[in-house]
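Participant: Got a structure for you, written out below as structure tokens; questions coming shortly.
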Amino acid sequence: MIKLDNITKIFPSKNGDVAAVNNVSLHVEKGEIHGVIGYSGAGKSTLIRLVNLLEKPNSGTVTINGTELTALSNENLRKTRQKIGMIFQHFNLMKTATVYENVATPLKLLGYNKEEVKKRVEKYLEIVDLGDRKNNYPSQLSGGQKQRVAIARALSQEPEILLSDEATSALDPETTNSILDLLLKINEELGITILLITHEMSVIQKICDGVTVLENGEIVEQRSTIELFTDPRHKTTKRFLDTISQRKLSASLISQLKLNGTVTSLTFIGESAGEPLLAQVIEKFNVKPNILTANIMELKNGIVGNLILHLIGEPEQINASLKFLNEQGVATEEVEGE
Amino acid sequence: MGNFIEQWLPIIGQAVMETFQMVIISLFFAILIGVPLGILVVLTRPGQSLENKFVYQFLNLVINIVRSIPFIILLFFILPFTKFLVGTTIGVQGVIVPLVIYTAPYLARLLESSLLEVDSGIIEAYKAMGIKTHKIIWSVMLREARPSIILGLTIVTISLIGATAMAGLVGAGGLGDLAYRFGHLRYEVDVMYATVFILIILVQGIQSLGNRIAARLKKD
């Protein structure tokens, strides 16, 4: 549905050219929710603006639903954009217009007739749960409600794709959740493909099928969300995961614990998360596991559990128990100390 | 007091009418020229949709040049142009041309700053929705800038009233002319006071009206 191929965007600056996005390829299937995560300055905002060509790439192609946007004339690009909805961190609503007008104005400007405009505005305000706030002005709404208006505005053009530019970054955690639930609902019920950018791992965790980790304009990791959560490879990905789970132990503590035994991180996926494997390990081998941290995360497409164990016992017994755990589908990784 | 009113009311009334006439006609043409000019300056700015360095710099230069000339000098400086355009250099007709030339660039400048205040995110959102640039200007930028534009128009109107005072020099009449001819040249101090009083009321009234409309349009 969305295909970015070898996209590069260079911004000139005083100290020479800066590649905000460097040779990035990104494919999102129809009906998928894909997240791009990165720190500030990683090039996320530029990347999402390259999808609807608000920024023109220096090289590479953008293809949406089989149409190569980078090859279109301005006029055709403008028409194609009507099928790509976009929401923003700061909502971008007209302050001087009511909720109703904010949704209706783009439709009117696109030439829909009066009845159609009215029908659509009412339908989509209902979907975002704001049917009763039609005559309010944005200043009378909370942040979450403003974002709902912006979502209704984007949906009212009945797009196939929704681009979300840090849509929850200005919202509190509870409101963030309600907006994420709404995005999931839009994805499931209206079948809209969503590409979002964020710096919050919890957003990826809750709604994304696939993830791209961006750093300095380049992709450092790009996989399904489950794979990324169970087997993060790049250090930036690991740092993002540390932000949502208590996985981090101080290096000095680990070194101290390693004086007798090993410190191992176990990752359980799906089925294995429910089984009492640890009890079996104690039964079968002569090791004493001590749980240092434990957490379980619900992803959009499954459950991932993570345990950090201090295993006390003879090295061969420890190795045998780790092998057993691997056989049961549990990923193990030794945690490094100082 | 009654005597004063009886004697001067028709003359002052006439002057008020002339002032109104000059202000309204000049304002009308100044808007006609200044609004497109202001929009063009915004659109040709670096980074805007019709980015054009040459046009942008040229418009800026023209606006700055006209804005550097005091009205009293402009009035005489463009006499040949006025004559060419309306066939006369005196009377209300003769003064409208310099008033418009004086006001339009000022209005354009104020409009420019009003439009630049509009949140660029909103414009980006409408661009992303595939809406034509001229529709974005009309229905989004001008709409969002309305409160600020009204305040700008208020300032322009008041400065126009000030400029019409000098119109007497080309025989266009008006309140300023009245105060000058009778109040200053003929030592009729009462007339001067009355004129100043009317001008104060007028300016106060326009400013309050402008503030009130702007506040009503502003929704945050």
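In the structure tokens, chains take the letters A, B, ... in the order shown, each chain's residues start at 1, and ligands count up from 1 in the order shown.
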Counting only C-alpha atoms, collect the residues of chain A whose closest atom lies at most 8 Å from chain B, and write them out as an MDAnalysis selection string.
Facilitator: chainID A and resid 52 54 77:87 90 92:97 106 109:110 137:139 154
Participant: Hey, what's within 10 Å of Lys30 of chain A if we count only C-alpha atoms and toss same-chain stuff fewer than 4 positions away? As a JSON list (two decimals) with N, CA and C atoms, in the first residue's frame, please?
Facilitator:
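Everything below was put into out02.json:
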[["chain", "number", "residue", "atom", "x", "y", "z"],
["A", 1, "MET", "N", 0.83, -1.21, 0.00],
["A", 1, "MET", "CA", 0.00, 0.00, 0.00],
["A", 1, "MET", "C", 0.87, 1.26, 0.00],
["A", 2, "ILE", "N", 1.84, 1.28, 0.94],
["A", 2, "ILE", "CA", 2.79, 2.39, 0.96],
["A", 2, "ILE", "C", 4.16, 1.81, 0.67],
["A", 65, "ASN", "N", -0.39, 2.69, -3.23],
["A", 65, "ASN", "CA", -1.45, 1.94, -3.89],
["A", 65, "ASN", "C", -1.20, 1.80, -5.40],
["A", 160, "GLU", "N", -7.55, 6.06, 2.20],
["A", 160, "GLU", "CA", -7.14, 4.66, 2.33],
["A", 160, "GLU", "C", -5.97, 4.55, 3.30],
["A", 161, "ILE", "N", -5.31, 5.69, 3.48],
["A", 161, "ILE", "CA", -4.11, 5.70, 4.31],
["A", 161, "ILE", "C", -4.22, 6.85, 5.31],
["A", 191, "GLY", "N", -10.67, -0.35, 7.84],
["A", 191, "GLY", "CA", -9.63, -0.95, 7.01],
["A", 191, "GLY", "C", -8.58, 0.04, 6.52],
["A", 192, "ILE", "N", -8.36, 1.11, 7.28],
["A", 192, "ILE", "CA", -7.40, 2.13, 6.84],
["A", 192, "ILE", "C", -5.98, 1.74, 7.26],
["A", 193, "THR", "N", -5.07, 1.79, 6.31],
["A", 193, "THR", "CA", -3.66, 1.52, 6.58],
["A", 193, "THR", "C", -3.07, 2.72, 7.32],
["A", 194, "ILE", "N", -2.32, 2.46, 8.39],
["A", 194, "ILE", "CA", -1.79, 3.59, 9.17],
["A", 194, "ILE", "C", -0.27, 3.54, 9.22]]
Participant: Please identify the helix (DSSP H, G or I) residues within segment 37-226 of chain A (assignment by DSSP from backbone atoms) and present them as number ranges by chain.
Facilitator: A: 44-51, 69-71, 74-81, 99-109, 114-127, 131-133, 138-140, 143-155, 173-190, 201-207, 225-226
Participant: Mind the document's chain letters and residue numbers, and return as a ChimeraX atom specification the residues of segment 115-291 of chain A that DSSP labels strand (DSSP E).
Facilitator: /A:161-165,193-198,210-215,218-224,262-269,287-291
Participant: Can you tell me which residues surround segment 172-178 of chain A at a distance of at most 12 Å, considering only C-alpha atoms, apart from same-chain residues fewer than 2 positions away, and format the answer as a list of chain:residue names?
Facilitator: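 So, after excluding close chain neighbours, the residues are A:Gln89, A:Val128, A:Asp129, A:Ser142, A:Gly143, A:Gly144, A:Gln145, A:Lys146, A:Gln147, A:Arg148, A:Glu166, A:Ala167, A:Thr168, A:Ser169, A:Ala170, A:Leu180, A:Asp181, A:Leu182, A:Leu183, A:Leu184, A:Lys185, A:Thr198, A:Glu200, A:Ser202, A:Val203, A:Ile204, A:Gln205, A:Lys206, A:Ile207.
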Participant: For the selection just defined, write its residues with N, CA and C atoms to a file, as a JSON list (two decimals), in the first residue's frame.
Facilitator:
[["chain", "number", "residue", "atom", "x", "y", "z"],
["A", 89, "GLN", "N", 0.88, 16.38, 15.60],
["A", 89, "GLN", "CA", 1.11, 16.51, 17.04],
["A", 89, "GLN", "C", 0.29, 17.66, 17.63],
["A", 128, "VAL", "N", -15.75, 9.49, 16.10],
["A", 128, "VAL", "CA", -14.73, 9.90, 17.08],
["A", 128, "VAL", "C", -15.38, 10.35, 18.40],
["A", 129, "ASP", "N", -16.69, 10.13, 18.52],
["A", 129, "ASP", "CA", -17.36, 10.37, 19.80],
["A", 129, "ASP", "C", -17.51, 11.84, 20.14],
["A", 142, "SER", "N", -10.47, 19.69, 25.16],
["A", 142, "SER", "CA", -9.21, 19.18, 25.71],
["A", 142, "SER", "C", -8.32, 18.73, 24.54],
["A", 143, "GLY", "N", -7.06, 18.46, 24.85],
["A", 143, "GLY", "CA", -6.13, 18.01, 23.81],
["A", 143, "GLY", "C", -6.62, 16.76, 23.09],
["A", 144, "GLY", "N", -7.12, 15.81, 23.87],
["A", 144, "GLY", "CA", -7.60, 14.57, 23.26],
["A", 144, "GLY", "C", -8.77, 14.82, 22.33],
["A", 145, "GLN", "N", -9.66, 15.73, 22.76],
["A", 145, "GLN", "CA", -10.83, 16.04, 21.91],
["A", 145, "GLN", "C", -10.39, 16.74, 20.64],
["A", 146, "LYS", "N", -9.39, 17.62, 20.75],
["A", 146, "LYS", "CA", -8.90, 18.30, 19.55],
["A", 146, "LYS", "C", -8.34, 17.28, 18.57],
["A", 147, "GLN", "N", -7.60, 16.31, 19.10],
["A", 147, "GLN", "CA", -7.04, 15.30, 18.20],
["A", 147, "GLN", "C", -8.16, 14.48, 17.55],
["A", 148, "ARG", "N", -9.25, 14.27, 18.29],
["A", 148, "ARG", "CA", -10.39, 13.54, 17.72],
["A", 148, "ARG", "C", -11.01, 14.33, 16.56],
["A", 166, "GLU", "N", 3.33, 12.01, 15.16],
["A", 166, "GLU", "CA", 3.41, 12.20, 16.62],
["A", 166, "GLU", "C", 2.06, 12.60, 17.22],
["A", 167, "ALA", "N", 1.00, 11.92, 16.77],
["A", 167, "ALA", "CA", -0.34, 12.37, 17.15],
["A", 167, "ALA", "C", -0.62, 12.31, 18.64],
["A", 168, "THR", "N", 0.13, 11.51, 19.38],
["A", 168, "THR", "CA", -0.16, 11.41, 20.82],
["A", 168, "THR", "C", 0.92, 12.06, 21.68],
["A", 169, "SER", "N", 1.90, 12.66, 21.03],
["A", 169, "SER", "CA", 3.05, 13.16, 21.80],
["A", 169, "SER", "C", 2.72, 14.34, 22.71],
["A", 170, "ALA", "N", 1.65, 15.06, 22.39],
["A", 170, "ALA", "CA", 1.30, 16.22, 23.23],
["A", 170, "ALA", "C", 0.21, 15.86, 24.24],
["A", 180, "LEU", "N", -5.10, 6.00, 20.88],
["A", 180, "LEU", "CA", -4.57, 4.77, 20.27],
["A", 180, "LEU", "C", -5.70, 3.76, 20.02],
["A", 181, "ASP", "N", -6.61, 3.66, 20.99],
["A", 181, "ASP", "CA", -7.77, 2.77, 20.81],
["A", 181, "ASP", "C", -8.58, 3.19, 19.59],
["A", 182, "LEU", "N", -8.72, 4.53, 19.45],
["A", 182, "LEU", "CA", -9.47, 5.04, 18.30],
["A", 182, "LEU", "C", -8.77, 4.68, 16.99],
["A", 183, "LEU", "N", -7.44, 4.81, 16.98],
["A", 183, "LEU", "CA", -6.69, 4.48, 15.76],
["A", 183, "LEU", "C", -6.85, 2.99, 15.42],
["A", 184, "LEU", "N", -6.82, 2.15, 16.46],
["A", 184, "LEU", "CA", -7.03, 0.71, 16.24],
["A", 184, "LEU", "C", -8.39, 0.44, 15.64],
["A", 185, "LYS", "N", -9.40, 1.14, 16.21],
["A", 185, "LYS", "CA", -10.76, 0.97, 15.73],
["A", 185, "LYS", "C", -10.88, 1.38, 14.25],
["A", 198, "THR", "N", 6.61, 8.15, 16.04],
["A", 198, "THR", "CA", 6.48, 8.38, 17.47],
["A", 198, "THR", "C", 7.85, 8.28, 18.11],
["A", 200, "GLU", "N", 7.53, 7.22, 21.38],
["A", 200, "GLU", "CA", 7.08, 6.46, 22.54],
["A", 200, "GLU", "C", 6.94, 4.97, 22.19],
["A", 202, "SER", "N", 5.57, 2.75, 23.88],
["A", 202, "SER", "CA", 4.25, 2.22, 24.25],
["A", 202, "SER", "C", 3.27, 2.31, 23.08],
["A", 203, "VAL", "N", 3.45, 3.31, 22.22],
["A", 203, "VAL", "CA", 2.59, 3.43, 21.04],
["A", 203, "VAL", "C", 2.82, 2.25, 20.11],
["A", 204, "ILE", "N", 4.10, 1.93, 19.90],
["A", 204, "ILE", "CA", 4.46, 0.78, 19.06],
["A", 204, "ILE", "C", 3.86, -0.49, 19.66],
["A", 205, "GLN", "N", 4.06, -0.63, 20.96],
["A", 205, "GLN", "CA", 3.62, -1.83, 21.66],
["A", 205, "GLN", "C", 2.12, -2.06, 21.48],
["A", 206, "LYS", "N", 1.34, -0.99, 21.62],
["A", 206, "LYS", "CA", -0.11, -1.18, 21.64],
["A", 206, "LYS", "C", -0.73, -1.36, 20.28],
["A", 207, "ILE", "N", -0.24, -0.68, 19.26],
["A", 207, "ILE", "CA", -1.02, -0.74, 18.02],
["A", 207, "ILE", "C", -0.27, -1.15, 16.76]]
Participant: What is the distance, in Å and to one decimal place, between atom CA of Asn58 of chain A and atom CA of Thr8 of chain A?
Facilitator: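 So the answer is 5.6 Å.
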Participant: I'd like the neighbourhood of Gly205 of chain B as a list in words, where a residue qualifies if any of its atoms comes within 12 Å (using only C-alpha atoms), though same-chain residues fewer than 6 positions away should be ignored.
Facilitator: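 Non-adjacent residues within range: Thr154, Thr157, Ile158, Ile198, Leu199, Asn211 and Arg212 of chain B.
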Participant: Could you dump the residues just selected with C-alpha atoms as a PDB file, in the first residue's frame?
Facilitator:
ATOM      1  CA  THR B 154      -8.384  49.912  12.323  1.00  0.00           C
ATOM      2  CA  THR B 157      -8.243  53.862   9.015  1.00  0.00           C
ATOM      3  CA  ILE B 158      -6.991  56.000  11.861  1.00  0.00           C
ATOM      4  CA  ILE B 198     -14.687  65.452  17.001  1.00  0.00           C
ATOM      5  CA  LEU B 199     -11.444  63.836  15.819  1.00  0.00           C
ATOM      6  CA  ASN B 211     -11.280  46.019  19.040  1.00  0.00           C
ATOM      7  CA  ARG B 212     -14.777  44.756  19.565  1.00  0.00           C
TER       8      ARG B 212
END
Participant: Find the residues around segment 230-233 of chain A up to 8 Å (only C-alpha atoms counted), leave out those fewer than 2 positions away in its own chain, and share them as number ranges by chain.
Facilitator: A: 221, 226-228, 235, 237-238, 267-269, 304, 331
Participant: What would the file look like if the residues just selected were written as a PDB file, in the first residue's frame with C-alpha atoms?
Facilitator:
ATOM      1  CA  GLU A 221      16.179  -2.105  12.567  1.00  0.00           C
ATOM      2  CA  ILE A 226       6.797  -9.158  18.156  1.00  0.00           C
ATOM      3  CA  GLU A 227      10.253  -9.935  16.798  1.00  0.00           C
ATOM      4  CA  LEU A 228      11.500  -6.541  17.821  1.00  0.00           C
ATOM      5  CA  LYS A 235      21.410  -0.834  20.812  1.00  0.00           C
ATOM      6  CA  THR A 237      16.105  -0.524  19.912  1.00  0.00           C
ATOM      7  CA  LYS A 238      17.222  -1.899  23.278  1.00  0.00           C
ATOM      8  CA  THR A 267      12.036 -13.828  26.809  1.00  0.00           C
ATOM      9  CA  PHE A 268       8.805 -15.754  26.473  1.00  0.00           C
ATOM     10  CA  ILE A 269       6.496 -15.386  23.514  1.00  0.00           C
ATOM     11  CA  VAL A 304       5.734 -11.141  25.501  1.00  0.00           C
ATOM     12  CA  ALA A 331      15.027 -16.957  24.129  1.00  0.00           C
TER      13      ALA A 331
END
Participant: Neighbouring residues of Gln14 of chain B were defined as those with any atom within 12 Å, considering only C-alpha atoms; residues of the same chain fewer than 4 positions away were excluded. Please report them as a PyMOL selection string.
Facilitator: chain B and resi 8-10+18-21+172-175+177-178+195
Participant: Pick out the closest residue to Asn60 of chain B from this set: B:Met17, B:Ala30, B:Val92, B:Ala108. Count only C-alpha atoms.
Facilitator: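 Checking each of B:Met17, B:Ala30, B:Val92, B:Ala108 against Asn60 of chain B, counting only C-alpha atoms, the winner is B:Ala108.
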Participant: One decimal, in Å: what's the spacing between atom CA of Ile63 of chain B and atom CA of Pro98 of chain B?
Facilitator: 14.3 Å
Participant: Need the shell around Leu99 of chain B: protein/DNA/RNA residues with any atom at most 10 Å away, counting only C-alpha atoms. Skip same-chain ones fewer than 4 positions apart. Format as a ChimeraX atom specification?
Facilitator: /B:22-23,25-27,29-30,71,74-75,94-95,103-104,160-161,163-164,167
Participant: What does the structure give for the distance between atom CA of Glu336 of chain A and atom CA of Leu253 of chain A, in Å to one decimal?
Facilitator: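 Interatomic distance, atom CA of Glu336 of chain A to atom CA of Leu253 of chain A: 10.6 Å.
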